[in-house]
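Novice: Structure: entry_7.txt, compact mmCIF, C-alpha atoms.
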# COMPACT_ATOMS: atom_id res chain seq x y z
CA MET A 1 116.20 81.07 72.69
CA THR A 2 113.79 81.71 69.83
CA ARG A 3 115.23 83.58 66.87
CA SER A 4 112.31 85.98 66.49
CA LEU A 5 109.13 87.10 68.20
CA ASN A 6 105.96 88.41 66.58
CA LEU A 7 103.72 91.03 68.16
CA LEU A 8 100.06 90.04 67.92
CA LYS A 9 98.21 92.84 69.69
CA VAL A 10 98.32 95.39 72.51
CA GLU A 11 95.49 95.26 75.00
CA ASN A 12 95.11 96.73 78.51
CA ASN A 13 98.76 97.88 78.46
CA LEU A 14 99.89 94.31 77.82
CA ILE A 15 101.71 93.14 74.72
CA TYR A 16 100.66 89.77 73.35
CA TYR A 17 103.29 88.02 71.26
CA THR A 18 104.28 84.61 69.90
CA ASN A 19 107.40 82.94 68.52
CA GLU A 20 108.01 82.48 64.80
CA ASP A 21 106.56 78.95 64.87
CA LYS A 22 103.49 80.15 66.81
CA ASP A 23 103.97 77.45 69.44
CA TYR A 24 102.68 79.69 72.21
CA VAL A 25 101.18 83.09 73.02
CA LEU A 26 102.58 85.15 75.87
CA SER A 27 101.73 88.53 77.32
CA SER A 28 104.00 91.03 79.00
CA SER A 29 104.38 94.72 79.72
CA SER A 30 106.63 96.78 77.49
CA ARG A 31 108.95 97.50 80.45
CA ALA A 32 109.39 93.78 81.15
CA LEU A 33 110.25 93.05 77.52
CA ILE A 34 112.80 95.86 77.51
CA ASN A 35 114.39 94.92 80.84
CA LYS A 36 114.70 91.27 79.84
CA GLY A 37 116.25 92.19 76.50
CA LEU A 38 113.54 90.32 74.60
CA VAL A 39 112.62 93.44 72.65
CA VAL A 40 115.54 92.85 70.27
CA PHE A 41 113.84 89.72 68.91
CA PHE A 42 110.97 91.77 67.45
CA THR A 43 111.00 93.53 64.09
CA LYS A 44 112.08 97.18 64.04
CA LYS A 45 108.48 98.32 63.61
CA ASP A 46 107.39 96.30 66.65
CA ARG A 47 110.42 97.45 68.66
CA ASP A 48 109.51 101.07 68.02
CA LEU A 49 105.97 100.40 69.21
CA ILE A 50 107.16 98.63 72.38
CA HIS A 51 109.51 101.51 73.23
CA ALA A 52 106.73 104.01 72.52
CA LEU A 53 104.55 102.23 75.08
CA ASP A 54 107.27 102.77 77.67
CA PRO A 55 108.41 106.37 77.08
CA ILE A 56 111.19 107.92 79.14
CA THR A 57 109.83 110.05 81.99
CA LYS A 58 111.06 113.34 83.45
CA PHE A 59 112.51 111.36 86.34
CA ASP A 60 114.36 109.08 83.90
CA ILE A 61 115.84 112.13 82.16
CA LYS A 62 117.09 113.52 85.47
CA TRP A 63 118.43 110.11 86.48
CA TYR A 64 120.22 109.70 83.15
CA GLY A 65 121.67 113.20 83.38
CA PHE A 66 122.90 112.52 86.91
CA LEU A 67 124.62 109.26 85.94
CA THR A 68 126.14 110.71 82.76
CA ALA A 69 127.52 113.65 84.74
CA LEU A 70 129.12 111.20 87.18
CA TYR A 71 130.59 109.20 84.29
CA LEU A 72 132.19 112.24 82.67
CA ALA A 73 133.44 113.58 86.01
CA PHE A 74 135.11 110.26 86.85
CA LEU A 75 136.84 110.28 83.46
CA LEU A 76 138.03 113.87 83.85
CA VAL A 77 139.55 113.12 87.24
CA ALA A 78 140.96 109.64 86.62
CA ILE A 79 142.59 110.21 83.21
CA PRO A 80 144.98 113.05 84.20
CA MET A 81 146.00 111.07 87.30
CA SER A 82 146.71 107.85 85.43
CA PRO A 83 150.38 108.51 84.45
CA HIS A 84 151.34 108.67 88.13
CA SER A 85 151.84 105.35 89.92
CA VAL A 86 150.84 104.31 93.44
CA GLN A 87 151.66 101.10 95.27
CA ILE A 88 148.69 98.89 96.20
CA PHE A 89 149.12 95.31 97.47
CA ASP A 90 152.73 95.12 96.27
CA THR A 91 151.72 96.20 92.76
CA TRP A 92 152.14 99.55 91.01
CA GLN A 93 148.85 100.98 89.80
CA PRO A 94 147.83 104.21 88.01
CA ALA A 95 146.94 106.88 90.57
CA GLY A 96 143.39 107.09 89.22
CA ILE A 97 142.74 103.39 89.82
CA LEU A 98 140.27 104.02 92.65
CA ILE A 99 138.21 106.37 90.46
CA PHE A 100 138.32 104.95 86.94
CA PRO A 101 136.45 101.63 87.62
CA LEU A 102 133.52 103.74 88.79
CA THR A 103 132.85 104.52 85.12
CA PHE A 104 131.94 100.87 84.53
CA LEU A 105 129.73 100.98 87.62
CA VAL A 106 127.85 103.93 86.10
CA LEU A 107 127.42 102.19 82.73
CA ASP A 108 126.07 99.03 84.38
CA THR A 109 123.64 101.18 86.39
CA ILE A 110 122.38 102.84 83.20
CA ASN A 111 122.05 99.45 81.50
CA ALA A 112 120.15 98.03 84.47
CA THR A 113 117.80 100.96 85.13
CA LEU A 114 117.27 102.44 81.68
CA ARG A 115 118.44 100.52 78.62
CA TYR A 116 121.33 99.81 76.28
CA GLU A 117 120.76 102.80 73.99
CA TYR A 118 121.34 105.25 76.84
CA ALA A 119 124.51 103.52 78.04
CA LYS A 120 125.79 103.53 74.45
CA SER A 121 125.10 107.28 74.18
CA THR A 122 126.97 107.91 77.44
CA THR A 123 129.94 106.01 76.04
CA TYR A 124 129.90 108.15 72.90
CA PHE A 125 129.73 111.28 75.07
CA GLY A 126 132.80 110.15 77.02
CA ALA A 127 134.82 109.29 73.92
CA SER A 128 133.85 112.55 72.22
CA MET A 129 134.75 114.56 75.31
CA CYS A 130 138.22 112.98 75.47
CA ALA A 131 138.84 113.45 71.74
CA LEU A 132 137.63 117.06 71.89
CA ALA A 133 139.79 117.79 74.95
CA SER A 134 142.83 116.31 73.19
CA GLY A 135 142.22 118.41 70.07
CA LEU A 136 141.55 121.66 71.94
CA ILE A 137 144.66 121.32 74.11
CA ALA A 138 146.74 120.61 70.98
CA LEU A 139 145.20 123.65 69.25
CA THR A 140 145.99 125.86 72.23
CA PHE A 141 149.65 124.83 72.20
CA LEU A 142 149.75 125.38 68.44
CA VAL A 143 148.37 128.91 68.64
CA PHE A 144 150.04 130.15 71.85
CA ASP A 145 153.59 129.94 73.11
CA ILE A 146 152.86 128.32 76.46
CA LYS A 147 155.77 127.86 78.84
CA SER A 148 156.35 125.53 81.77
CA PRO A 149 154.95 124.58 84.24
CA TYR A 150 151.66 124.68 82.27
CA LYS A 151 153.31 122.91 79.35
CA GLU A 152 154.56 120.10 81.57
CA VAL A 153 151.09 119.61 83.01
CA PHE A 154 148.87 119.91 79.95
CA GLU A 155 150.96 118.75 77.00
CA PRO A 156 150.95 115.04 78.04
CA LEU A 157 147.15 115.22 78.20
CA ILE A 158 146.94 115.53 74.41
CA TYR A 159 148.10 111.95 73.91
CA LEU A 160 146.51 110.69 77.12
CA PHE A 161 143.00 111.91 76.28
CA LEU A 162 143.34 110.57 72.73
CA ILE A 163 144.31 107.10 73.99
CA ASN A 164 141.39 107.03 76.40
CA SER A 165 138.98 108.10 73.65
CA ILE A 166 139.97 104.98 71.71
CA CYS A 167 139.71 102.84 74.83
CA ILE A 168 136.24 104.14 75.67
CA LEU A 169 134.88 103.48 72.19
CA SER A 170 136.13 99.90 72.27
CA ALA A 171 136.12 98.76 75.91
CA ASP A 172 133.19 100.68 77.37
CA GLN A 173 131.01 99.85 74.40
CA ALA A 174 132.06 96.19 74.69
CA ASN A 175 130.86 96.35 78.31
CA ASN A 176 127.48 97.75 77.21
CA PHE A 177 127.09 95.24 74.38
CA THR A 178 127.98 92.30 76.64
CA PHE A 179 125.56 93.48 79.34
CA ARG A 180 122.81 93.69 76.72
CA LYS A 181 123.49 90.21 75.35
CA LEU A 182 123.64 88.73 78.84
CA SER A 183 120.33 90.41 79.67
CA MET A 184 118.82 88.46 76.78
CA ILE A 185 120.45 85.13 77.59
CA LEU A 186 120.65 85.31 81.39
CA TYR A 187 117.69 87.55 82.18
CA LYS A 188 116.64 85.20 85.03
CA SER A 189 120.07 85.34 86.64
CA PRO A 190 121.04 87.93 89.29
CA LEU A 191 122.17 91.38 88.22
CA TRP A 192 125.67 90.83 89.61
CA VAL A 193 126.34 88.04 87.09
CA ARG A 194 125.73 90.35 84.13
CA SER A 195 127.70 93.15 85.75
CA ILE A 196 130.78 91.07 86.58
CA ILE A 197 130.98 89.30 83.23
CA SER A 198 130.50 92.49 81.21
CA SER A 199 132.96 94.43 83.41
CA THR A 200 135.67 91.78 83.20
CA ILE A 201 135.42 91.76 79.40
CA GLY A 202 135.35 95.55 79.12
CA GLN A 203 138.14 96.06 81.62
CA ALA A 204 140.32 93.50 79.86
CA ILE A 205 140.03 95.38 76.56
CA TYR A 206 140.60 98.75 78.23
CA THR A 207 143.64 97.56 80.17
CA ILE A 208 145.35 95.96 77.17
CA ILE A 209 144.80 98.96 74.89
CA TRP A 210 145.64 101.63 77.46
CA ILE A 211 148.80 100.07 78.87
CA GLY A 212 149.95 98.95 75.43
CA LEU A 213 149.58 102.42 73.91
CA PHE A 214 150.62 104.44 76.95
CA PHE A 215 153.88 102.61 77.58
CA ASN A 216 154.42 102.41 73.80
CA SER A 217 156.71 99.39 74.02
CA SER A 218 156.93 95.95 72.49
CA THR A 219 155.56 92.95 74.35
CA SER A 220 157.70 92.01 77.33
CA MET A 221 157.29 90.24 80.65
CA ASP A 222 157.28 93.61 82.41
CA LEU A 223 154.49 94.92 80.19
CA LEU A 224 152.46 91.73 80.62
CA GLN A 225 152.93 91.96 84.38
CA LYS A 226 151.62 95.54 84.38
CA ILE A 227 148.57 94.44 82.39
CA ALA A 228 147.91 91.49 84.71
CA ASP A 229 148.31 93.54 87.91
CA ASN A 230 146.09 96.33 86.65
CA TYR A 231 143.42 93.97 85.33
CA LEU A 232 143.23 91.78 88.44
CA PHE A 233 142.87 94.83 90.66
CA LYS A 234 140.01 96.14 88.51
CA VAL A 235 138.21 92.78 88.65
CA GLY A 236 138.50 92.70 92.43
CA TYR A 237 137.29 96.28 92.58
CA ALA A 238 134.29 95.37 90.41
CA PHE A 239 133.24 92.76 92.98
CA ALA A 240 133.69 95.30 95.78
CA LEU A 241 131.43 97.76 93.95
CA LEU A 242 128.50 95.33 93.61
CA PRO A 243 126.74 96.61 96.79
CA VAL A 244 126.95 100.13 95.34
CA LEU A 245 125.44 98.91 92.05
CA TYR A 246 122.55 97.24 93.87
CA GLY A 247 122.09 100.35 96.02
CA LEU A 248 121.81 102.56 92.94
CA VAL A 249 119.37 100.23 91.15
CA ILE A 250 117.18 99.89 94.26
CA SER A 251 117.26 103.66 94.80
CA TYR A 252 116.14 104.20 91.21
CA LYS A 253 113.21 101.81 91.58
CA LEU A 254 112.12 103.30 94.91
CA LEU A 255 112.40 106.89 93.70
CA LYS A 256 110.60 106.16 90.45
CA SER A 257 107.85 104.29 92.31
CA ARG A 258 107.43 107.30 94.57
CA LYS A 259 107.27 109.63 91.58
CA ASN A 260 104.62 107.42 89.98
CA ASP A 261 102.60 107.46 93.20
CA ASP A 262 102.82 111.26 93.33
CA SER A 263 101.66 111.47 89.70
CA SER A 264 98.69 109.22 90.49
CA VAL A 265 97.67 111.48 93.37
CA ILE A 266 97.95 114.56 91.16
CA ASN A 267 95.89 112.95 88.41
CA LYS A 268 93.29 111.80 90.92
CA ASN A 269 92.97 115.26 92.47
CA THR A 270 92.77 116.82 89.00
CA ASN A 271 89.83 114.59 88.14
CA LEU A 272 88.01 115.76 91.27
CA ILE A 273 88.21 119.42 90.29
In structure tokens, what does this structure look like?

Specialist:
Amino acid sequence: MTRSLNLLKVENNLIYYTNEDKDYVLSSSSRALINKGLVVFFTKKDRDLIHALDPITKFDIKWYGFLTALYLAFLLVAIPMSPHSVQIFDTWQPAGILIFPLTFLVLDTINATLRYEYAKSTTYFGASMCALASGLIALTFLVFDIKSPYKEVFEPLIYLFLINSICILSADQANNFTFRKLSMILYKSPLWVRSIISSTIGQAIYTIIWIGLFFNSSTSMDLLQKIADNYLFKVGYAFALLPVLYGLVISYKLLKSRKNDDSSVINKNTNLI
């Protein structure tokens, strides 16, 4: 892969560019350069121009809002359930195990349909929400004399939300960063390759940090077994969610294409008036 690309000109909505040695001249749309991850090889000035030629639409804003809402909702449900264990395939898993991996599905959908910057922002939203929830619950207990059963329910969430805030900043962002890098290196490969590799890396980081901090114990065979069981289940779940990922990406493309067609009709009718 070339180390840098140079923008030559923009003509008829196509961007003409060359490599640093000027061995060739290629043309592409701004959307194609962004989707393939090639935009990162341009200078910041050229990157800003390429992104400006492919502005986010009203439909993209709604789509991003929808996915971010799902992401935050999954976190809010899965995190409080995680201290409770359920038995799945002869292993003991956190009760939120069927919900939590959906957060990685959402991030991969944002990376695939929009771009890295939006997935990164969603990650920051999730981490900030968990940190804020932890702080506000702690403040409430500090100010008011809250008795059981509310204390038994909410007090553990102070530490739990704080742990997950750390996990999100490290693991979820690692997932986004890996997806972005793979989009640059393996942009010709199927979407599922980028999704599985980025998810397995992100889930590994999340599992190690979360179980290590939550159980707050030194390394032991029991702790390593918990990490292995939890991680392997998440990897298997990531494979099972691939049809859902493809369904979301296809739905986005179809809906956006329909919106673009509607806009063309409106513009055409406006010209006739």

Novice: Quick one: residues within 12 Å of Thr140 (chain A), only C-alpha atoms counted, chain neighbours fewer than 6 positions away excluded, as a list in words?

Specialist: Ala133, Ser134, Ile146, Lys147, Tyr150, Lys151, Phe154, Glu155 and Ile158 of chain A

Novice: Using all atoms of region 132-145 of chain A listed in the file and a margin of 6 Å per side, can you give the axis-aligned box centre and edge lengths in Å to one decimal, as JSON?

Specialist:
{"center_x": 145.6, "center_y": 123.2, "center_z": 71.7, "size_x": 28.0, "size_y": 25.8, "size_z": 18.5}

Novice: List as JSON lines every residue of region 18-87 of chain A that is in contact with region 112-126 of chain A, defined as an atom at most 9 Å from one of its atoms (using all atoms listed in the file), together with the nearest atom pair and the distance in Å rounded to one decimal, sorted by chain and then rising number.

Specialist:
{"residue": "A:Ile34", "atom": "CA", "partner": "A:Arg115", "partner_atom": "CA", "distance": 7.4}
{"residue": "A:Asn35", "atom": "CA", "partner": "A:Arg115", "partner_atom": "CA", "distance": 7.3}
{"residue": "A:Gly37", "atom": "CA", "partner": "A:Arg115", "partner_atom": "CA", "distance": 8.9}
{"residue": "A:Ile56", "atom": "CA", "partner": "A:Leu114", "partner_atom": "CA", "distance": 8.6}
{"residue": "A:Asp60", "atom": "CA", "partner": "A:Leu114", "partner_atom": "CA", "distance": 7.6}
{"residue": "A:Tyr64", "atom": "CA", "partner": "A:Tyr118", "partner_atom": "CA", "distance": 7.8}
{"residue": "A:Leu67", "atom": "CA", "partner": "A:Thr122", "partner_atom": "CA", "distance": 8.9}
{"residue": "A:Thr68", "atom": "CA", "partner": "A:Thr122", "partner_atom": "CA", "distance": 6.1}
{"residue": "A:Tyr71", "atom": "CA", "partner": "A:Gly126", "partner_atom": "CA", "distance": 7.7}
{"residue": "A:Leu72", "atom": "CA", "partner": "A:Gly126", "partner_atom": "CA", "distance": 6.1}
{"residue": "A:Leu75", "atom": "CA", "partner": "A:Gly126", "partner_atom": "CA", "distance": 7.6}

Novice: Find the residue from A:His51, A:Phe59, A:Tyr24, A:Asn111 that sits nearest to Lys259 (chain A); use all atoms listed in the file when measuring.

Specialist: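 Ranking A:His51, A:Phe59, A:Tyr24, A:Asn111 by distance to Lys259 (chain A), first place goes to A:Phe59.
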
Novice: Work out how far apart CA of Tyr17 (chain A) and CA of Ile185 (chain A) are and give it in Å to one decimal.

Specialist: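 Value for the CA of Tyr17 (chain A)-CA of Ile185 (chain A) distance: 18.5 Å.
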
Novice: For region 186-190 of chain A, work out the shell of residues within 12 Å, counting all atoms listed in the file and skipping chain neighbours fewer than 6 positions away, then give it as a ChimeraX atom specification.

Specialist: /A:1,32-38,112,178-180,196-197,242,246

Novice: Quick one, how far is CA of Leu241 (chain A) from CA of Val86 (chain A)?

Specialist: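 Separating CA of Leu241 (chain A) from CA of Val86 (chain A) is a distance of 20.5 Å.
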
Novice: Around (136.0, 108.4, 70.2), as given in the file, which residues come within 7 Å? Count all atoms listed in the file and list them as a PDB file with C-alpha atoms, in the frame of the given file.

Specialist:
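Here's the written file out_39.pdb:
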ATOM      1  CA  TYR A 124     129.900 108.150  72.900  1.00  0.00           C
ATOM      2  CA  ALA A 127     134.820 109.290  73.920  1.00  0.00           C
ATOM      3  CA  SER A 128     133.850 112.550  72.220  1.00  0.00           C
ATOM      4  CA  ALA A 131     138.840 113.450  71.740  1.00  0.00           C
ATOM      5  CA  SER A 165     138.980 108.100  73.650  1.00  0.00           C
ATOM      6  CA  ILE A 166     139.970 104.980  71.710  1.00  0.00           C
ATOM      7  CA  ILE A 168     136.240 104.140  75.670  1.00  0.00           C
ATOM      8  CA  LEU A 169     134.880 103.480  72.190  1.00  0.00           C
TER       9      LEU A 169
END

Novice: One decimal, Å: what's the distance from CA of Leu26 (chain A) over to CA of Glu11 (chain A), could you say?

Specialist: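 Going from CA of Leu26 (chain A) over to CA of Glu11 (chain A) covers 12.4 Å.
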
Novice: Which residue out of A:Thr57, A:Tyr16, A:Trp63, A:Asp48 has the minimum interatomic distance to Tyr252 (chain A) when all atoms listed in the file are used?

Specialist: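 With all atoms listed in the file as the atom set, the closest residue is A:Trp63.
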
Novice: Out of A:Asp46, A:Arg31, A:Leu139, A:Thr109, which residue has the shortest atom-to-atom distance to Ser251 (chain A) when counting all atoms listed in the file?

Specialist: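 Of A:Asp46, A:Arg31, A:Leu139, A:Thr109, the one nearest Ser251 (chain A), counting all atoms listed in the file, is A:Thr109.
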
Novice: Just want the 10 Å neighbourhood of Asn13 (chain A), counted on only C-alpha atoms, with same-chain residues fewer than 3 positions away dropped. Output as a CSV table (one decimal) with C-alpha atoms, in the frame of the given file.

Specialist:
chain,number,residue,atom,x,y,z
A,10,VAL,CA,98.3,95.4,72.5
A,16,TYR,CA,100.7,89.8,73.4
A,27,SER,CA,101.7,88.5,77.3
A,28,SER,CA,104.0,91.0,79.0
A,29,SER,CA,104.4,94.7,79.7
A,30,SER,CA,106.6,96.8,77.5
A,53,LEU,CA,104.6,102.2,75.1
A,54,ASP,CA,107.3,102.8,77.7

Novice: Go through A:Leu98, A:Leu162, A:Val244, A:Met184 one by one, measure the shortest atom-to-atom distance of each to Ile209 (chain A) using all atoms listed in the file, and give the residue with the smallest value.

Specialist: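 Ranking A:Leu98, A:Leu162, A:Val244, A:Met184 by distance to Ile209 (chain A), first place goes to A:Leu162.
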